[in-house]
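Participant: The structure file structure21.cif (mmCIF, C-alpha atoms) is provided below.
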```
data_run
loop_
_atom_site.label_atom_id
_atom_site.label_comp_id
_atom_site.auth_asym_id
_atom_site.auth_seq_id
_atom_site.Cartn_x
_atom_site.Cartn_y
_atom_site.Cartn_z
CA MET A 1 130.63 124.76 97.25
CA ASP A 2 127.15 125.11 98.65
CA ALA A 3 126.14 125.17 102.30
CA THR A 4 125.25 121.47 102.41
CA THR A 5 128.67 120.41 101.25
CA ILE A 6 130.44 122.69 103.69
CA LEU A 7 128.24 121.53 106.57
CA PHE A 8 128.82 117.89 105.63
CA TRP A 9 132.59 118.27 105.69
CA ILE A 10 132.48 120.16 108.99
CA PHE A 11 130.29 117.56 110.73
CA ALA A 12 132.06 114.59 109.13
CA SER A 13 135.54 115.77 110.08
CA ILE A 14 134.48 116.61 113.64
CA SER A 15 132.82 113.25 114.18
CA CYS A 16 135.71 111.26 112.65
CA ALA A 17 138.37 113.21 114.54
CA ALA A 18 136.48 112.85 117.83
CA ALA A 19 136.05 109.10 117.23
CA VAL A 20 139.80 108.74 116.68
CA ALA A 21 140.38 110.85 119.81
CA VAL A 22 138.18 108.43 121.81
CA VAL A 23 140.56 105.65 120.81
CA ALA A 24 143.73 107.70 121.35
CA THR A 25 142.89 109.11 124.80
CA GLN A 26 143.75 107.09 127.88
CA ASN A 27 141.72 109.06 130.42
CA VAL A 28 138.16 107.72 130.70
CA VAL A 29 136.56 111.10 131.40
CA ARG A 30 138.19 112.64 128.32
CA MET A 31 137.04 109.63 126.30
CA ALA A 32 133.47 110.40 127.42
CA PHE A 33 133.88 114.04 126.35
CA TRP A 34 135.16 113.09 122.88
CA LEU A 35 132.32 110.60 122.57
CA ILE A 36 129.82 113.41 123.26
CA VAL A 37 131.46 115.54 120.53
CA SER A 38 131.38 112.64 118.06
CA LEU A 39 127.75 111.70 118.73
CA GLY A 40 126.66 115.34 118.56
CA SER A 41 128.15 115.84 115.12
CA VAL A 42 126.61 112.55 113.99
CA ALA A 43 123.27 114.14 114.94
CA GLY A 44 124.25 117.04 112.65
CA LEU A 45 124.81 114.54 109.84
CA TYR A 46 121.31 113.14 110.46
CA PHE A 47 119.86 116.64 110.08
CA LEU A 48 121.74 116.95 106.77
CA LEU A 49 120.14 113.68 105.63
CA SER A 50 116.69 115.24 106.39
CA ALA A 51 116.09 112.76 109.21
CA ASP A 52 115.04 115.33 111.76
CA PHE A 53 113.31 112.99 114.20
CA VAL A 54 116.21 110.53 114.32
CA ALA A 55 118.61 113.42 114.88
CA ALA A 56 116.56 114.81 117.75
CA THR A 57 116.31 111.32 119.27
CA GLN A 58 120.05 110.91 118.93
CA LEU A 59 120.64 114.15 120.79
CA LEU A 60 118.10 113.35 123.52
CA ILE A 61 118.83 109.67 124.16
CA TYR A 62 122.53 109.37 123.35
CA VAL A 63 123.99 112.72 124.32
CA GLY A 64 121.47 113.41 127.06
CA GLY A 65 120.89 109.94 128.45
CA THR A 66 123.46 107.31 127.62
CA LEU A 67 126.48 109.57 128.06
CA VAL A 68 125.24 110.81 131.44
CA LEU A 69 124.86 107.16 132.43
CA LEU A 70 128.42 106.43 131.26
CA ILE A 71 129.82 109.38 133.18
CA PHE A 72 128.02 108.21 136.32
CA GLY A 73 129.60 104.81 135.75
CA VAL A 74 133.02 106.43 135.51
CA MET A 75 132.36 108.38 138.71
CA LEU A 76 131.15 105.34 140.64
CA THR A 77 133.99 103.07 139.58
CA ALA A 78 136.96 105.47 139.61
CA THR A 79 139.64 104.43 142.09
CA GLY A 80 141.83 107.55 141.84
CA PRO A 81 141.42 111.15 140.69
CA TYR A 82 143.04 110.35 137.33
CA SER A 83 142.08 106.75 136.81
CA GLN A 84 143.90 105.30 133.85
CA ILE A 85 144.41 101.68 133.02
CA ARG A 86 147.16 101.80 130.45
CA THR A 87 147.34 99.86 127.22
CA SER A 88 150.86 98.76 126.37
CA PRO A 89 152.47 100.52 123.35
CA GLY A 90 152.93 97.26 121.46
CA GLU A 91 149.24 96.45 121.74
CA ALA A 92 148.34 99.99 120.67
CA LEU A 93 150.61 99.74 117.62
CA LEU A 94 149.17 96.38 116.64
CA ALA A 95 145.60 97.63 117.10
CA GLY A 96 146.35 100.71 115.01
CA GLY A 97 147.78 98.61 112.18
CA VAL A 98 144.91 96.13 112.16
CA GLY A 99 142.39 98.98 112.44
CA SER A 100 143.79 100.90 109.48
CA LEU A 101 143.84 97.73 107.37
CA PHE A 102 140.21 97.11 108.32
CA LEU A 103 139.30 100.72 107.46
CA ALA A 104 141.06 100.42 104.09
CA MET A 105 139.08 97.25 103.35
CA ILE A 106 135.72 98.85 104.17
CA ILE A 107 136.45 102.03 102.19
CA THR A 108 137.64 100.03 99.17
CA THR A 109 134.38 98.08 99.28
CA VAL A 110 132.29 101.25 99.55
CA VAL A 111 134.07 102.93 96.64
CA SER A 112 133.98 99.88 94.37
CA VAL A 113 130.17 99.59 94.43
CA ASP A 114 128.22 101.70 91.93
CA TRP A 115 125.42 102.85 94.25
CA ASP A 116 123.53 104.91 91.65
CA SER A 117 123.02 101.99 89.27
CA LEU A 118 122.10 99.81 92.26
CA ALA A 119 119.41 102.30 93.23
CA ALA A 120 118.19 102.37 89.63
CA ILE A 121 117.98 98.55 89.61
CA GLN A 122 115.99 98.60 92.82
CA GLN A 123 113.68 101.16 91.29
CA GLN A 124 113.02 98.77 88.39
CA ASP A 125 112.01 96.14 90.96
CA PRO A 126 108.22 95.74 90.69
CA SER A 127 107.78 95.74 94.47
CA TYR A 128 109.20 99.26 94.56
CA ALA A 129 108.12 100.56 91.19
CA SER A 130 104.42 99.93 91.77
CA TYR A 131 104.12 103.07 93.85
CA ALA A 132 107.16 104.92 92.61
CA HIS A 133 105.46 107.71 90.75
CA GLU A 134 101.95 107.58 92.17
CA PRO A 135 100.78 110.88 93.62
CA GLY A 136 100.19 110.62 97.33
CA PHE A 137 100.36 112.36 100.64
CA ASN A 138 104.02 112.14 101.53
CA PRO A 139 105.24 114.65 104.11
CA ALA A 140 108.41 112.60 104.67
CA GLU A 141 109.85 113.98 101.47
CA GLU A 142 109.93 117.43 102.99
CA GLY A 143 112.12 116.27 105.85
CA ASN A 144 109.16 116.22 108.25
CA THR A 145 109.49 112.66 109.47
CA ALA A 146 108.05 112.50 112.99
CA ARG A 147 104.46 111.70 112.00
CA PRO A 148 105.28 109.07 109.33
CA LEU A 149 107.70 107.39 111.74
CA GLY A 150 105.11 107.31 114.54
CA LEU A 151 102.49 105.85 112.19
CA LYS A 152 105.02 103.25 111.01
CA MET A 153 105.52 102.23 114.63
CA LEU A 154 101.76 101.72 114.84
CA GLY A 155 101.75 99.60 111.68
CA ILE A 156 100.28 102.24 109.37
CA SER A 157 102.32 103.50 106.46
CA LEU A 158 101.68 106.83 104.79
CA GLU A 159 103.60 105.53 101.79
CA ASP A 160 100.68 103.19 101.02
CA LEU A 161 98.28 106.06 100.32
CA GLY A 162 99.28 106.40 96.69
CA ARG A 163 99.06 102.70 95.95
CA THR A 164 96.41 101.22 93.76
CA ASP A 165 97.17 97.48 93.88
CA GLY A 166 96.23 97.04 97.56
CA SER A 167 99.63 95.74 98.71
CA LEU A 168 101.03 97.12 101.94
CA SER A 169 104.55 98.05 102.95
CA HIS A 170 106.22 97.11 106.20
CA GLY A 171 104.70 98.06 109.56
CA TYR A 172 106.56 97.98 112.83
CA LEU A 173 103.88 97.46 115.50
CA LEU A 174 105.29 94.14 116.77
CA PRO A 175 108.94 95.35 117.01
CA PHE A 176 107.66 98.43 118.82
CA GLU A 177 105.88 96.28 121.43
CA ILE A 178 108.94 94.03 121.74
CA VAL A 179 111.12 97.06 122.39
CA SER A 180 108.69 98.27 125.07
CA ILE A 181 108.83 94.92 126.90
CA HIS A 182 112.59 94.85 126.39
CA LEU A 183 113.01 98.25 128.04
CA LEU A 184 110.87 97.15 131.00
CA VAL A 185 112.95 94.00 131.44
CA VAL A 186 116.15 96.03 131.17
CA LEU A 187 114.99 98.48 133.84
CA ILE A 188 114.12 95.67 136.25
CA GLY A 189 117.34 93.79 135.50
CA ALA A 190 119.56 96.84 135.82
CA SER A 191 118.06 97.84 139.16
CA TYR A 192 118.45 94.24 140.36
CA LEU A 193 122.10 94.06 139.28
CA ALA A 194 123.10 97.46 140.63
CA ARG A 195 121.26 97.32 143.95
CA ALA A 196 123.24 98.15 147.06
CA LYS A 197 125.12 95.16 148.34
CA ARG A 198 127.59 94.56 151.10
CA ARG A 199 131.01 94.82 149.48
CA SER A 200 133.00 91.59 149.57
CA ARG A 201 136.75 91.24 149.80
CA PRO A 202 138.47 91.63 146.41
CA ASP A 203 140.42 88.39 146.30
CA GLN A 204 137.99 85.98 147.85
CA PRO A 205 135.00 84.44 146.14
CA SER A 206 131.86 85.95 147.56
CA MET B 1 108.14 106.53 98.27
CA ILE B 2 111.23 106.52 96.15
CA ARG B 3 114.06 108.59 97.52
CA LEU B 4 116.38 108.51 94.56
CA ALA B 5 119.13 111.03 94.19
CA ASN B 6 118.93 111.12 90.39
CA ASP B 7 115.14 111.33 90.22
CA PRO B 8 114.24 114.81 88.95
CA GLN B 9 110.80 114.71 90.61
CA TYR B 10 112.41 113.91 93.91
CA ARG B 11 115.13 116.50 93.70
CA LYS B 12 112.52 119.23 93.83
CA VAL B 13 111.32 118.45 97.34
CA LEU B 14 114.38 117.22 99.26
CA PRO B 15 117.26 119.63 99.74
CA ASP B 16 119.96 119.08 97.18
CA MET B 17 123.03 117.39 98.62
CA GLY B 18 125.43 118.93 96.09
CA THR B 19 128.46 116.76 95.52
CA ILE B 20 127.89 114.72 98.68
CA GLY B 21 126.89 111.18 97.81
CA LEU B 22 126.12 107.99 99.65
CA GLU B 23 129.79 106.99 99.67
CA HIS B 24 130.76 109.95 101.84
CA PHE B 25 128.33 108.98 104.58
CA LEU B 26 129.36 105.33 104.35
CA MET B 27 132.99 106.38 104.80
CA VAL B 28 132.14 108.39 107.92
CA GLY B 29 130.27 105.35 109.21
CA ALA B 30 133.29 103.16 108.43
CA VAL B 31 135.63 105.46 110.37
CA LEU B 32 133.35 105.41 113.41
CA PHE B 33 132.92 101.64 113.17
CA VAL B 34 136.65 100.94 112.98
CA ALA B 35 137.39 103.38 115.81
CA GLY B 36 134.81 101.59 117.94
CA VAL B 37 136.20 98.14 117.13
CA VAL B 38 139.75 99.25 117.97
CA CYS B 39 138.48 100.86 121.18
CA MET B 40 136.67 97.65 122.16
CA ALA B 41 139.74 95.55 121.42
CA THR B 42 142.38 97.63 123.18
CA ARG B 43 140.67 99.09 126.27
CA ARG B 44 141.15 97.34 129.57
CA ASN B 45 138.64 99.61 131.29
CA ALA B 46 135.12 98.17 131.10
CA ILE B 47 133.59 101.65 130.65
CA GLY B 48 136.00 102.25 127.73
CA VAL B 49 134.82 99.04 126.08
CA LEU B 50 131.24 100.32 126.46
CA MET B 51 132.16 103.56 124.70
CA GLY B 52 133.61 101.49 121.84
CA VAL B 53 130.29 99.67 121.53
CA GLU B 54 128.48 103.01 121.32
CA LEU B 55 130.79 104.12 118.50
CA VAL B 56 130.17 100.89 116.56
CA LEU B 57 126.39 101.27 116.89
CA ASN B 58 126.60 104.88 115.71
CA GLY B 59 128.64 103.91 112.66
CA ALA B 60 125.96 101.39 111.72
CA ASN B 61 123.25 103.99 112.35
CA ILE B 62 124.83 106.47 109.94
CA ASN B 63 124.70 103.79 107.28
CA PHE B 64 121.01 103.09 107.96
CA VAL B 65 119.97 106.75 107.74
CA ALA B 66 122.13 107.37 104.67
CA PHE B 67 120.60 104.39 102.88
CA ALA B 68 117.14 105.66 103.81
CA ARG B 69 118.02 108.96 102.12
CA TYR B 70 119.80 107.75 98.98
CA MET B 71 118.27 104.37 98.17
CA PRO B 72 114.62 103.48 97.46
CA LEU B 73 114.00 102.19 100.99
CA GLY B 74 111.73 104.92 102.25
CA LEU B 75 111.57 105.48 105.97
CA ASP B 76 112.49 101.90 106.90
CA GLY B 77 116.14 102.77 107.48
CA GLN B 78 115.15 105.53 109.89
CA VAL B 79 112.82 103.19 111.79
CA ILE B 80 115.63 100.65 112.17
CA SER B 81 118.00 103.37 113.36
CA LEU B 82 115.46 104.38 116.03
CA PHE B 83 115.34 100.78 117.24
CA VAL B 84 119.14 100.69 117.31
CA ILE B 85 119.23 103.85 119.44
CA VAL B 86 116.71 102.42 121.93
CA LEU B 87 118.51 99.07 122.14
CA ALA B 88 121.84 100.87 122.62
CA ALA B 89 120.41 102.80 125.56
CA ALA B 90 119.11 99.57 127.12
CA GLU B 91 122.43 97.83 126.51
CA ALA B 92 124.33 100.70 128.15
CA ALA B 93 122.09 100.50 131.23
CA VAL B 94 122.56 96.74 131.67
CA ALA B 95 126.30 96.85 130.92
CA LEU B 96 126.82 99.65 133.44
CA ALA B 97 124.91 97.67 136.06
CA ILE B 98 127.19 94.70 135.33
CA ALA B 99 130.26 96.96 135.55
CA LEU B 100 129.09 98.28 138.93
CA SER B 101 128.48 94.74 140.16
CA PHE B 102 131.93 93.74 138.89
CA TYR B 103 133.45 96.73 140.68
CA ASN B 104 131.67 95.79 143.89
CA SER B 105 133.21 92.34 143.87
CA HIS B 106 136.68 93.07 142.40
CA LEU B 107 137.27 96.74 143.36
CA THR B 108 138.41 97.46 139.79
CA VAL B 109 136.90 97.75 136.30
CA ASP B 110 139.91 96.18 134.57
CA VAL B 111 138.40 93.53 132.31
CA ASP B 112 141.62 91.48 132.44
CA ARG B 113 140.92 90.84 136.11
CA GLY B 114 137.59 89.19 135.37
CA ASP B 115 139.05 85.69 135.24
CA ARG B 116 136.93 83.92 137.82
CA LEU B 117 135.37 81.70 135.18
CA GLN B 118 138.88 80.59 134.11
CA GLY B 119 138.18 81.50 130.47
#
```
Turn the structure described in the file into structure tokens.

Facilitator:
Amino acid sequence: MDATTILFWIFASISCAAAVAVVATQNVVRMAFWLIVSLGSVAGLYFLLSADFVAATQLLIYVGGTLVLLIFGVMLTATGPYSQIRTSPGEALLAGGVGSLFLAMIITTVVSVDWDSLAAIQQQDPSYASYAHEPGFNPAEEGNTARPLGLKMLGISLEDLGRTDGSLSHGYLLPFEIVSIHLLVVLIGASYLARAKRRSRPDQPS
Amino acid sequence: MIRLANDPQYRKVLPDMGTIGLEHFLMVGAVLFVAGVVCMATRRNAIGVLMGVELVLNGANINFVAFARYMPLGLDGQVISLFVIVLAAAEAAVALAIALSFYNSHLTVDVDRGDRLQG
């Protein structure tokens, strides 16, 4: 066993076990902790897949941003020191049964597909094969993905440099702009929704 | 850019994954996805439902990045996963604002109590 295999099994087992622990725990704060563990080891899996920029973004935005937001939500909405809203055992049993059936279905589907021959078929596809073996500047293959990703966001693709037929691959300038506007709208909407209000009585319509 | 696992030219530059194939990553993604769906379905705490959504989005993201590594898709899978991460952050912000607003009016985050619309 080489280091990659060992690291994969370590990160995969930690992330799966922490995801199951998120479901099994009743305390919301412990759920948030297990979620941090799970998302952190998913970032490790991204590093193994040589997606360094996505992994760093995962650590920064998810573990550093979203989880802090969630924990603030837990703090602001907790009614007691150990706030738990219990799920009944029957519901938990039913959810576990349905969940394991669902998992068995997905894993059976994944195993039954021959991914290598599918990749080979896609490589025979002329839209991929036209630049398959052209020499070109391609730093993404060395796991150094920040610059190609940033250029893709601007609509420029480094993968097109080796092409001779003049066709271009996908650019993502418009989705990038849409996401920018989306984040602005979300910021305004969230601050509008969460602004300080006079608290109304619980059982009367406000 | 072809990122094919069985391409000898390609195997020189990317680190060798050994016996780990695409299926392994898809299975990890499946476990996270199912855990998130079960979490969304069984939690009565609104914040717990949000954590289930985060797990589901992460399971999908693993699939995107793994397909970008093993199939001839190039960097497109990674770009999509970046968009998913950004949208998940935005969704968490809005959903937490809604949960706070719900808590301000109901004094609880139990989603079973949100029955004012008589649904």

Participant: Just checking: using all atoms listed in the file, which residue out of A:Val179, A:Ala12, A:Ala104, A:Leu173 ends up closest to B:Ile85?

Facilitator: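 Comparing A:Val179, A:Ala12, A:Ala104, A:Leu173 against B:Ile85, the winner is A:Val179.
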
Participant: Please identify all polymer residues within 8 Å of stretch 80-83 of chain B, counting all atoms listed in the file, omitting same-chain residues fewer than 6 positions from it, and present them as JSON, numbers by chain.

Facilitator: {"A": [54, 57, 179], "B": [61, 64, 65]}

Participant: Can you list what the PyMOL selection byres ((chain A and resi 30) around 12) grabs from this structure, as an mmCIF file with C-alpha atoms, keeping the file's coordinate frame?

Facilitator:
```
data_model
loop_
_atom_site.group_PDB
_atom_site.id
_atom_site.type_symbol
_atom_site.label_atom_id
_atom_site.label_comp_id
_atom_site.auth_asym_id
_atom_site.auth_seq_id
_atom_site.Cartn_x
_atom_site.Cartn_y
_atom_site.Cartn_z
ATOM 1 C CA ALA A 18 136.480 112.850 117.830
ATOM 2 C CA ALA A 19 136.050 109.100 117.230
ATOM 3 C CA ALA A 21 140.380 110.850 119.810
ATOM 4 C CA VAL A 22 138.180 108.430 121.810
ATOM 5 C CA VAL A 23 140.560 105.650 120.810
ATOM 6 C CA ALA A 24 143.730 107.700 121.350
ATOM 7 C CA THR A 25 142.890 109.110 124.800
ATOM 8 C CA GLN A 26 143.750 107.090 127.880
ATOM 9 C CA ASN A 27 141.720 109.060 130.420
ATOM 10 C CA VAL A 28 138.160 107.720 130.700
ATOM 11 C CA VAL A 29 136.560 111.100 131.400
ATOM 12 C CA MET A 31 137.040 109.630 126.300
ATOM 13 C CA ALA A 32 133.470 110.400 127.420
ATOM 14 C CA PHE A 33 133.880 114.040 126.350
ATOM 15 C CA TRP A 34 135.160 113.090 122.880
ATOM 16 C CA LEU A 35 132.320 110.600 122.570
ATOM 17 C CA ILE A 36 129.820 113.410 123.260
ATOM 18 C CA VAL A 37 131.460 115.540 120.530
ATOM 19 C CA LEU A 70 128.420 106.430 131.260
ATOM 20 C CA ILE A 71 129.820 109.380 133.180
ATOM 21 C CA VAL A 74 133.020 106.430 135.510
ATOM 22 C CA TYR A 82 143.040 110.350 137.330
ATOM 23 C CA SER A 83 142.080 106.750 136.810
ATOM 24 C CA GLN A 84 143.900 105.300 133.850
ATOM 25 C CA GLY B 48 136.000 102.250 127.730
ATOM 26 C CA MET B 51 132.160 103.560 124.700
#
```

Participant: If you count all atoms listed in the file, which residues fall within 10 Å of A:His170, apart from same-chain ones fewer than 3 positions away, as an MDAnalysis selection string?

Facilitator: (chainID A and resid 152:153 155:157 159:160 173) or (chainID B and resid 75:76)

Participant: What does the distance from atom CA of B:Val49 to atom CA of A:Thr77 come to in Å, to one decimal?

Facilitator: 14.1 Å

Participant: Can you pull out every residue within 10 Å of B:Ala99, counting all atoms listed in the file, but drop anything in the same chain fewer than 2 positions away, and send it as a PyMOL selection string?

Facilitator: (chain A and resi 73-74+76-77+193-194) or (chain B and resi 45-47+50+93-97+101-105+108-111)

Participant: Considering only C-alpha atoms, state which residue in the set A:Pro89, A:Ser167, A:Gly99, A:Ile178 is at the smallest distance from chain B.

Facilitator: A:Gly99

Participant: Quick check, in Å to one decimal: how far apart do atom CA of B:Gly52 and atom CA of B:Ala35 lie?

Facilitator: 7.4 Å

Participant: Set the cut-off to 7 Å and count all atoms listed in the file: what are the residues of chain B that reach chain A? Output as a ChimeraX atom specification.

Facilitator: /B:1-2,13-14,17-20,23,26-28,30-32,34-35,38-39,42-45,47-48,66,69,71-72,78-79,82,89-90,92-94,96-98,100-101,103-107,109

Participant: Would you save the residues from that selection as a PDB file, in the frame of the given file, using C-alpha atoms?

Facilitator:
```
ATOM      1  CA  MET B   1     108.140 106.530  98.270  1.00  0.00           C
ATOM      2  CA  ILE B   2     111.230 106.520  96.150  1.00  0.00           C
ATOM      3  CA  VAL B  13     111.320 118.450  97.340  1.00  0.00           C
ATOM      4  CA  LEU B  14     114.380 117.220  99.260  1.00  0.00           C
ATOM      5  CA  MET B  17     123.030 117.390  98.620  1.00  0.00           C
ATOM      6  CA  GLY B  18     125.430 118.930  96.090  1.00  0.00           C
ATOM      7  CA  THR B  19     128.460 116.760  95.520  1.00  0.00           C
ATOM      8  CA  ILE B  20     127.890 114.720  98.680  1.00  0.00           C
ATOM      9  CA  GLU B  23     129.790 106.990  99.670  1.00  0.00           C
ATOM     10  CA  LEU B  26     129.360 105.330 104.350  1.00  0.00           C
ATOM     11  CA  MET B  27     132.990 106.380 104.800  1.00  0.00           C
ATOM     12  CA  VAL B  28     132.140 108.390 107.920  1.00  0.00           C
ATOM     13  CA  ALA B  30     133.290 103.160 108.430  1.00  0.00           C
ATOM     14  CA  VAL B  31     135.630 105.460 110.370  1.00  0.00           C
ATOM     15  CA  LEU B  32     133.350 105.410 113.410  1.00  0.00           C
ATOM     16  CA  VAL B  34     136.650 100.940 112.980  1.00  0.00           C
ATOM     17  CA  ALA B  35     137.390 103.380 115.810  1.00  0.00           C
ATOM     18  CA  VAL B  38     139.750  99.250 117.970  1.00  0.00           C
ATOM     19  CA  CYS B  39     138.480 100.860 121.180  1.00  0.00           C
ATOM     20  CA  THR B  42     142.380  97.630 123.180  1.00  0.00           C
ATOM     21  CA  ARG B  43     140.670  99.090 126.270  1.00  0.00           C
ATOM     22  CA  ARG B  44     141.150  97.340 129.570  1.00  0.00           C
ATOM     23  CA  ASN B  45     138.640  99.610 131.290  1.00  0.00           C
ATOM     24  CA  ILE B  47     133.590 101.650 130.650  1.00  0.00           C
ATOM     25  CA  GLY B  48     136.000 102.250 127.730  1.00  0.00           C
ATOM     26  CA  ALA B  66     122.130 107.370 104.670  1.00  0.00           C
ATOM     27  CA  ARG B  69     118.020 108.960 102.120  1.00  0.00           C
ATOM     28  CA  MET B  71     118.270 104.370  98.170  1.00  0.00           C
ATOM     29  CA  PRO B  72     114.620 103.480  97.460  1.00  0.00           C
ATOM     30  CA  GLN B  78     115.150 105.530 109.890  1.00  0.00           C
ATOM     31  CA  VAL B  79     112.820 103.190 111.790  1.00  0.00           C
ATOM     32  CA  LEU B  82     115.460 104.380 116.030  1.00  0.00           C
ATOM     33  CA  ALA B  89     120.410 102.800 125.560  1.00  0.00           C
ATOM     34  CA  ALA B  90     119.110  99.570 127.120  1.00  0.00           C
ATOM     35  CA  ALA B  92     124.330 100.700 128.150  1.00  0.00           C
ATOM     36  CA  ALA B  93     122.090 100.500 131.230  1.00  0.00           C
ATOM     37  CA  VAL B  94     122.560  96.740 131.670  1.00  0.00           C
ATOM     38  CA  LEU B  96     126.820  99.650 133.440  1.00  0.00           C
ATOM     39  CA  ALA B  97     124.910  97.670 136.060  1.00  0.00           C
ATOM     40  CA  ILE B  98     127.190  94.700 135.330  1.00  0.00           C
ATOM     41  CA  LEU B 100     129.090  98.280 138.930  1.00  0.00           C
ATOM     42  CA  SER B 101     128.480  94.740 140.160  1.00  0.00           C
ATOM     43  CA  TYR B 103     133.450  96.730 140.680  1.00  0.00           C
ATOM     44  CA  ASN B 104     131.670  95.790 143.890  1.00  0.00           C
ATOM     45  CA  SER B 105     133.210  92.340 143.870  1.00  0.00           C
ATOM     46  CA  HIS B 106     136.680  93.070 142.400  1.00  0.00           C
ATOM     47  CA  LEU B 107     137.270  96.740 143.360  1.00  0.00           C
ATOM     48  CA  VAL B 109     136.900  97.750 136.300  1.00  0.00           C
TER      49      VAL B 109
END
```

Participant: Please measure the separation of atom CA of B:Ala41 and atom CA of B:Val53, giving the value in Å to one decimal.

Facilitator: 10.3 Å

Participant: Could you name the residues that touch A:Gly40 at 7 Å or less, counting all atoms listed in the file, but leaving out those on the same chain fewer than 4 positions away, as JSON, numbers by chain?

Facilitator: {"A": [36, 44, 59, 63]}
